[in-house]
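Here's the structure, in structure tokens; my notes come after.
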Amino acid sequence: MNLRRAIPTFCLLALLAACTNEQRSDVGTGGGTGTSESTGSTSAVTGTSAGSGGTGGSGESGESDDSGDVPPPEPEEVPVLENIAFYDGYAETVDEPIPDGVIRHNNSLVATRLTDELLARVQTTLKVRVVVGALCDNYDRLGSVNLALVPKGAQTYVSGEVDRIEVARFVTPFMNMNKQPTTVPYEWEASNLVPILKDPDLLADHDFWFELSIFGVPYAANDEVAGCAGRNDTQLGSLLLYTDSTQEAQDFSVLLPLAIGEDFNNYAMGASDKVGTTRKTVSFELPADTQNAQLVLITSNHGANQGGEEYIRREHYVYVDGKLALQYKPGRMSCEPFRKYNTQSNGIYGLSPRSDGAWQSSSNWCPGDVIDTRIVPWGAASAGMHEFVIDVPDATFVGGEGNFPFSLYVQAQ
């Protein structure tokens with residue numbers, strides 16, 4: 001597989017899976033999730049709401065015939081990270097015990113290398129599952145799953161110095177660790193990762209490391225949650241892979257990591273094409289002609305101040321080489337399915353259910369829900385330079401606050 005870097009027209013910044021608006025009494029960090037209300041080209045949305053309970057497929061891939069073909073392997077759920085504790089995202093990195101094979105980059109980011117044995121268990125389809133457990137952060141926070149391509153044999157790495165792609169993003173609910181349920185599940189369709197994880201050229205030079213990031217701050221819980229006084233542990237996180245052979249593996253031979261958690265707003269230098277606009281351009285080069293290519297995009301809308309961007313749904317426009325490829329407006333029909341996970345009283349849910357119209361008028365995301373991963377079909381394309389643009393022309397970022405963290409990569413045959 002060819003691995004190529006972007007030629008960006010803006011400054012590439014490190015992943016920021018965090019919100020700094022701890023002063024709010026009603027809501028903490030959030031992230032936009034939403035179905036694709038698209039009037040442009042088709043987009044496959046791969047997030048699965050936590051309310052579904054994270055059920056897997058049946059694993060039925062057809063009966064074998066009498067020709068002696070080997071039957072497909074049984075579906076598997078493979079643990080990658082189990083009950084990892086996360087800590088105060090603003091504090092110095094803790095020196096607490098961590099399982100063998102897991103490294104702690106900082107209090108909000110851990111990683112583990114995918115062993116040969118684990119990679120061999122990956123079949124032709126893949127789902128990524130995350131389970132978040134309540135500790136001493138009772139606000140909603142932003143989390144993510146990333147895949148890092150690390151030089152072969154390295155025992156550790158600096159996250160900002162290797163190629164990484166964001167696989168999934170999610171928002172934790174307001175959780176009181178003393179109330180049930182104390183965990184929330186998330187699931188994403190991620191079969192497009194299979195050709196990456198199985199690629200012999202990439203495997204010859206790289207090890208694959210899965211990263212789990214969950215930002216958290218314990219300060220409110222220290223006062224508001226029984227048993228949290230003086231503690232700085234914020235959440236528990238587990239990462240699992242579900243894999244089966246119900247479909248043929250996807251076929252991609254080129255991977256271009258273009259952005260991961262980049263700032264996207266209209267007020268910070270380098271966060272858009274120019275200050276005053278919410279338009280971001282990424283130029284990149286395809287190494288060869290392709291008959292089939294796709295772009296994998298994650299965005300989420302943040303801004304907790306009055307009139308902030310997380311409360312107002314905006315049309316998002318995606319262009320590839322000047323042509324509209326996708327139009328979407330983040331936001332669920334309703335956040336009521338996630339009420340059960342929000343066990344800490346908060347200003348989003350209130351004491352009684354809200355109508356669909358009320359949710360649609362004020363939310364880009366639901367605490368306890370996934371952020372959608374949008375797969376944008378591109379099709380045939382020629383070798384050479386190309387241009388991706390995302391534009392949110394109505395965004396205002398009142399008071400110079402808020403952000404739309406932006407991740408993007410390209411896959412091509």
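Chain labels follow the order of the structure tokens: the first chain is A, the next B, and so on; residue numbering restarts at 1 in every chain, and ligands are counted from 1 in their shown order.
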Tell me, as a ChimeraX atom specification, which residues lie within 10 Å of Val132 of chain A, counting only C-alpha atoms; anything in the same chain fewer than 6 positions away does not count. /A:83-85,143,171-173,182-186,214,235-239,368
Would you write out those residues with N, CA and C atoms, as a PDB file, in the first residue's frame?
ATOM      1  N   ASN A  83     -10.629  -1.632  30.420  1.00  0.00           N
ATOM      2  CA  ASN A  83     -10.771  -0.892  31.680  1.00  0.00           C
ATOM      3  C   ASN A  83      -9.539  -0.067  32.025  1.00  0.00           C
ATOM      4  N   ILE A  84      -9.145   0.775  31.075  1.00  0.00           N
ATOM      5  CA  ILE A  84      -8.013   1.671  31.289  1.00  0.00           C
ATOM      6  C   ILE A  84      -8.516   2.937  31.984  1.00  0.00           C
ATOM      7  N   ALA A  85      -7.856   3.340  33.045  1.00  0.00           N
ATOM      8  CA  ALA A  85      -8.245   4.553  33.758  1.00  0.00           C
ATOM      9  C   ALA A  85      -7.641   5.776  33.084  1.00  0.00           C
ATOM     10  N   GLY A 143     -14.177  12.086  23.119  1.00  0.00           N
ATOM     11  CA  GLY A 143     -13.216  10.995  23.033  1.00  0.00           C
ATOM     12  C   GLY A 143     -13.027  10.558  21.605  1.00  0.00           C
ATOM     13  N   VAL A 171     -18.995  11.214  22.305  1.00  0.00           N
ATOM     14  CA  VAL A 171     -19.205  12.138  23.409  1.00  0.00           C
ATOM     15  C   VAL A 171     -19.665  11.348  24.627  1.00  0.00           C
ATOM     16  N   THR A 172     -19.006  11.532  25.757  1.00  0.00           N
ATOM     17  CA  THR A 172     -19.435  10.842  26.965  1.00  0.00           C
ATOM     18  C   THR A 172     -20.674  11.537  27.542  1.00  0.00           C
ATOM     19  N   PRO A 173     -21.496  10.811  28.278  1.00  0.00           N
ATOM     20  CA  PRO A 173     -22.650  11.440  28.935  1.00  0.00           C
ATOM     21  C   PRO A 173     -22.261  12.075  30.265  1.00  0.00           C
ATOM     22  N   THR A 182     -23.576   2.632  34.857  1.00  0.00           N
ATOM     23  CA  THR A 182     -22.270   3.265  35.040  1.00  0.00           C
ATOM     24  C   THR A 182     -21.374   3.107  33.818  1.00  0.00           C
ATOM     25  N   THR A 183     -21.897   2.499  32.756  1.00  0.00           N
ATOM     26  CA  THR A 183     -21.136   2.372  31.512  1.00  0.00           C
ATOM     27  C   THR A 183     -22.029   2.743  30.337  1.00  0.00           C
ATOM     28  N   VAL A 184     -21.394   3.151  29.249  1.00  0.00           N
ATOM     29  CA  VAL A 184     -22.110   3.477  28.017  1.00  0.00           C
ATOM     30  C   VAL A 184     -21.348   2.865  26.843  1.00  0.00           C
ATOM     31  N   PRO A 185     -22.049   2.140  25.930  1.00  0.00           N
ATOM     32  CA  PRO A 185     -21.375   1.509  24.792  1.00  0.00           C
ATOM     33  C   PRO A 185     -21.503   2.349  23.512  1.00  0.00           C
ATOM     34  N   TYR A 186     -20.510   2.239  22.667  1.00  0.00           N
ATOM     35  CA  TYR A 186     -20.501   2.903  21.358  1.00  0.00           C
ATOM     36  C   TYR A 186     -20.034   1.895  20.312  1.00  0.00           C
ATOM     37  N   ILE A 214      -9.738   9.831  25.856  1.00  0.00           N
ATOM     38  CA  ILE A 214     -10.926  10.340  26.547  1.00  0.00           C
ATOM     39  C   ILE A 214     -10.471  11.488  27.437  1.00  0.00           C
ATOM     40  N   GLN A 235     -12.438   8.722  33.932  1.00  0.00           N
ATOM     41  CA  GLN A 235     -13.247   7.710  33.259  1.00  0.00           C
ATOM     42  C   GLN A 235     -12.468   6.409  33.165  1.00  0.00           C
ATOM     43  N   LEU A 236     -13.190   5.329  32.902  1.00  0.00           N
ATOM     44  CA  LEU A 236     -12.603   4.071  32.452  1.00  0.00           C
ATOM     45  C   LEU A 236     -12.922   3.904  30.977  1.00  0.00           C
ATOM     46  N   GLY A 237     -11.986   3.324  30.221  1.00  0.00           N
ATOM     47  CA  GLY A 237     -12.229   3.117  28.798  1.00  0.00           C
ATOM     48  C   GLY A 237     -11.778   1.744  28.342  1.00  0.00           C
ATOM     49  N   SER A 238     -12.621   1.102  27.530  1.00  0.00           N
ATOM     50  CA  SER A 238     -12.282  -0.178  26.898  1.00  0.00           C
ATOM     51  C   SER A 238     -12.494  -0.060  25.399  1.00  0.00           C
ATOM     52  N   LEU A 239     -11.643  -0.755  24.644  1.00  0.00           N
ATOM     53  CA  LEU A 239     -11.714  -0.765  23.185  1.00  0.00           C
ATOM     54  C   LEU A 239     -11.734  -2.213  22.713  1.00  0.00           C
ATOM     55  N   GLY A 368     -23.392  10.955  25.266  1.00  0.00           N
ATOM     56  CA  GLY A 368     -23.549   9.505  25.281  1.00  0.00           C
ATOM     57  C   GLY A 368     -23.691   8.896  23.906  1.00  0.00           C
TER      58      GLY A 368
END
Might you pull out every residue within 9 Å of segment 335-348 of chain A, with only C-alpha atoms counted and same-chain residues fewer than 2 positions away left off, and present them as a ChimeraX atom specification? /A:25-27,49-52,138-140,172-184,225,332-333,350-351,353-356,359,363,365-369
Residue contacts of segment 397-399 of chain A (8 Å, only C-alpha atoms) excluding same-chain residues fewer than 4 positions away, as a list in words: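 Residues near the query, excluding close chain neighbours: Asn265, Asn266, Tyr267, Gly303, Asn305, Gln306, Gly307, Gly308, Glu309 and Asn403 of chain A.
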Identify all residues of segment 266-371 of chain A in alpha helix (DSSP H) (DSSP on the backbone) and supply them as a PyMOL selection string. chain A and resi 356-360
Asp95 of chain A surroundings by only C-alpha atoms, 12 Å radius, close-in-sequence under 6 positions cut, as an MDAnalysis selection string: chainID A and resid 85:87 103:107
Select from segment 85-145 of chain A every residue with an atom at most 10 Å from any atom of segment 229-232 of chain A, then for each give the shortest pair of atoms and their distance in Å to one decimal, using only C-alpha atoms, rows by chain and rising number, as a Markdown table.
| residue | atom | partner | partner_atom | distance |
| --- | --- | --- | --- | --- |
| A:Phe86 | CA | A:Asn232 | CA | 8.7 |
| A:Tyr87 | CA | A:Asn232 | CA | 5.6 |
| A:Asp88 | CA | A:Asn232 | CA | 5.5 |
| A:Gly89 | CA | A:Asn232 | CA | 9.3 |
| A:Ala91 | CA | A:Asn232 | CA | 8.8 |
| A:Val94 | CA | A:Asn232 | CA | 9.4 |
| A:Asn107 | CA | A:Asn232 | CA | 9.9 |
| A:Leu135 | CA | A:Asn232 | CA | 9.1 |
| A:Cys136 | CA | A:Asn232 | CA | 6.9 |
| A:Asp137 | CA | A:Asn232 | CA | 8.6 |
Could you build a table of the residues in segment 277-392 of chain A lying no more than 12 Å from segment 191-206 of chain A, giving for each the nearest pair of atoms and their separation in Å rounded to one decimal place, using only C-alpha atoms, ordered by chain and ascending residue number, as a Markdown table?
| residue | atom | partner | partner_atom | distance |
| --- | --- | --- | --- | --- |
| A:Ala293 | CA | A:Asn192 | CA | 11.5 |
| A:Gln294 | CA | A:Asn192 | CA | 9.9 |
| A:Leu295 | CA | A:Asn192 | CA | 10.9 |
| A:Val296 | CA | A:Asn192 | CA | 9.4 |
| A:Thr373 | CA | A:Asn192 | CA | 11.4 |
| A:Arg374 | CA | A:Asn192 | CA | 11.8 |
| A:Ile375 | CA | A:Asn192 | CA | 9.4 |
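In this model, the gap between atom CA of Ser407 of chain A and atom CA of Pro257 of chain A comes to 8.9 Å.
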Excluding Pro75 of chain A and residues on its chain fewer than 5 positions from it, collect all residues at most 8 Å away from it, counting only C-alpha atoms, and give them as a list in words.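 Returned residues: Gly59, Tyr242, Thr243, Asp244 and Ser245 of chain A.
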Please produce a file of those selected residues containing N, CA and C atoms, as a PDB file, in the first residue's frame.
ATOM      1  N   GLY A  59     -23.027 -13.257  11.736  1.00  0.00           N
ATOM      2  CA  GLY A  59     -21.915 -14.116  11.350  1.00  0.00           C
ATOM      3  C   GLY A  59     -22.308 -15.139  10.299  1.00  0.00           C
ATOM      4  N   TYR A 242     -14.939  -6.034  16.714  1.00  0.00           N
ATOM      5  CA  TYR A 242     -15.811  -7.134  16.303  1.00  0.00           C
ATOM      6  C   TYR A 242     -15.526  -7.413  14.834  1.00  0.00           C
ATOM      7  N   THR A 243     -15.271  -8.660  14.487  1.00  0.00           N
ATOM      8  CA  THR A 243     -14.890  -9.006  13.119  1.00  0.00           C
ATOM      9  C   THR A 243     -15.553 -10.292  12.688  1.00  0.00           C
ATOM     10  N   ASP A 244     -15.945 -10.355  11.419  1.00  0.00           N
ATOM     11  CA  ASP A 244     -16.494 -11.582  10.855  1.00  0.00           C
ATOM     12  C   ASP A 244     -16.190 -11.610   9.365  1.00  0.00           C
ATOM     13  N   SER A 245     -16.756 -12.609   8.674  1.00  0.00           N
ATOM     14  CA  SER A 245     -16.495 -12.792   7.238  1.00  0.00           C
ATOM     15  C   SER A 245     -17.789 -12.777   6.440  1.00  0.00           C
TER      16      SER A 245
END
Using only C-alpha atoms, the shortest atom-to-atom distance to Trp188 of chain A among A:Leu241, A:Gly227, A:Ile98, A:Gly400 belongs to A:Leu241
Please identify the strand (DSSP E) residues within segment 89-316 of chain A (assignment by DSSP from backbone atoms) and present them as JSON, numbers by chain. {"A": [102, 103, 104, 105, 106, 109, 110, 111, 112, 113, 125, 126, 127, 128, 129, 130, 131, 132, 133, 134, 142, 143, 144, 145, 146, 147, 148, 149, 150, 151, 163, 164, 165, 166, 167, 168, 169, 170, 171, 183, 184, 185, 186, 187, 188, 189, 206, 207, 208, 209, 210, 211, 212, 213, 214, 233, 234, 235, 236, 237, 238, 239, 240, 241, 242, 243, 244, 254, 255, 256, 257, 258, 259, 260, 261, 262, 279, 280, 281, 282, 283, 284, 285, 286, 293, 294, 295, 296, 297, 298, 299, 316]}
Output C-alpha atoms of each residue in that selection to a file, as a short mmCIF file (atom, residue, chain, number, x, y, z; two decimals), in the first residue's frame.
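Writing the result to selection-v8.cif gives the following:
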data_model
loop_
_atom_site.label_atom_id
_atom_site.label_comp_id
_atom_site.auth_asym_id
_atom_site.auth_seq_id
_atom_site.Cartn_x
_atom_site.Cartn_y
_atom_site.Cartn_z
CA VAL A 102 -0.12 -0.21 26.99
CA ILE A 103 1.58 3.19 26.96
CA ARG A 104 0.19 6.41 28.40
CA HIS A 105 1.03 9.37 26.17
CA ASN A 106 -0.75 11.68 28.62
CA LEU A 109 -4.42 9.35 25.58
CA VAL A 110 -3.26 5.73 25.77
CA ALA A 111 -2.12 3.34 23.06
CA THR A 112 -1.29 -0.31 22.44
CA ARG A 113 0.38 -2.13 19.57
CA THR A 125 -15.31 -6.93 8.15
CA LEU A 126 -14.68 -4.85 11.23
CA LYS A 127 -16.61 -2.92 13.84
CA VAL A 128 -14.97 -0.78 16.49
CA ARG A 129 -16.55 -0.78 19.93
CA VAL A 130 -15.82 1.45 22.93
CA VAL A 131 -17.21 1.17 26.45
CA VAL A 132 -16.79 4.16 28.77
CA GLY A 133 -17.18 3.74 32.53
CA ALA A 134 -17.99 6.46 35.04
CA LEU A 142 -15.01 14.26 23.80
CA GLY A 143 -13.22 10.99 23.03
CA SER A 144 -11.73 9.30 20.00
CA VAL A 145 -10.15 6.15 18.61
CA ASN A 146 -7.10 6.62 16.38
CA LEU A 147 -4.86 4.32 14.38
CA ALA A 148 -1.15 5.17 14.43
CA LEU A 149 1.40 3.88 11.90
CA VAL A 150 4.57 3.54 13.95
CA PRO A 151 8.04 2.54 12.68
CA ASP A 163 1.08 9.18 10.63
CA ARG A 164 -2.26 8.76 12.38
CA ILE A 165 -5.88 8.61 11.30
CA GLU A 166 -8.97 9.17 13.44
CA VAL A 167 -11.14 6.08 13.29
CA ALA A 168 -14.02 7.14 15.54
CA ARG A 169 -15.19 10.00 17.78
CA PHE A 170 -17.75 10.06 20.59
CA VAL A 171 -19.21 12.14 23.41
CA THR A 183 -21.14 2.37 31.51
CA VAL A 184 -22.11 3.48 28.02
CA PRO A 185 -21.37 1.51 24.79
CA TYR A 186 -20.50 2.90 21.36
CA GLU A 187 -20.06 1.18 18.01
CA TRP A 188 -18.86 2.16 14.50
CA GLU A 189 -18.69 0.28 11.21
CA HIS A 206 5.08 -0.18 10.35
CA ASP A 207 3.42 -1.52 13.45
CA PHE A 208 -0.19 -0.52 13.99
CA TRP A 209 -1.09 1.01 17.33
CA PHE A 210 -4.65 1.72 18.41
CA GLU A 211 -5.05 4.87 20.50
CA LEU A 212 -7.96 5.59 22.83
CA SER A 213 -8.42 9.18 23.92
CA ILE A 214 -10.93 10.34 26.55
CA ASP A 233 -9.37 9.72 37.85
CA THR A 234 -12.06 10.69 35.34
CA GLN A 235 -13.25 7.71 33.26
CA LEU A 236 -12.60 4.07 32.45
CA GLY A 237 -12.23 3.12 28.80
CA SER A 238 -12.28 -0.18 26.90
CA LEU A 239 -11.71 -0.77 23.19
CA LEU A 240 -12.85 -3.89 21.32
CA LEU A 241 -12.96 -5.06 17.73
CA TYR A 242 -15.81 -7.13 16.30
CA THR A 243 -14.89 -9.01 13.12
CA ASP A 244 -16.49 -11.58 10.86
CA VAL A 254 -3.39 3.80 -1.17
CA LEU A 255 -3.74 5.58 2.17
CA LEU A 256 -3.32 9.33 2.53
CA PRO A 257 -3.59 10.67 6.10
CA LEU A 258 -4.53 14.33 5.64
CA ALA A 259 -5.67 15.73 9.01
CA ILE A 260 -6.39 14.54 12.53
CA GLY A 261 -8.24 16.72 15.03
CA GLU A 262 -7.26 19.91 13.21
CA ARG A 279 -13.68 27.30 4.89
CA LYS A 280 -10.78 24.88 4.98
CA THR A 281 -8.81 23.64 1.95
CA VAL A 282 -6.53 20.62 1.84
CA SER A 283 -4.45 19.88 -1.27
CA PHE A 284 -3.10 16.37 -1.76
CA GLU A 285 -1.50 14.19 -4.41
CA LEU A 286 -2.71 10.82 -5.69
CA ALA A 293 -11.39 6.38 -4.12
CA GLN A 294 -13.16 7.62 -1.03
CA LEU A 295 -12.68 10.30 1.61
CA VAL A 296 -13.23 9.56 5.31
CA LEU A 297 -14.33 12.65 7.23
CA ILE A 298 -15.08 13.41 10.90
CA THR A 299 -16.26 16.80 12.18
CA HIS A 316 -21.73 21.73 5.93
#
Of the residues A:Tyr311, A:Tyr349, A:Phe404, A:Tyr317, which is the one nearest to Phe388 of chain A, using only C-alpha atoms? A:Tyr317
For Leu119 of chain A, which residue among A:Val70, A:Ala383, A:Val78, A:Val320 is the nearest when counting only C-alpha atoms? A:Val78
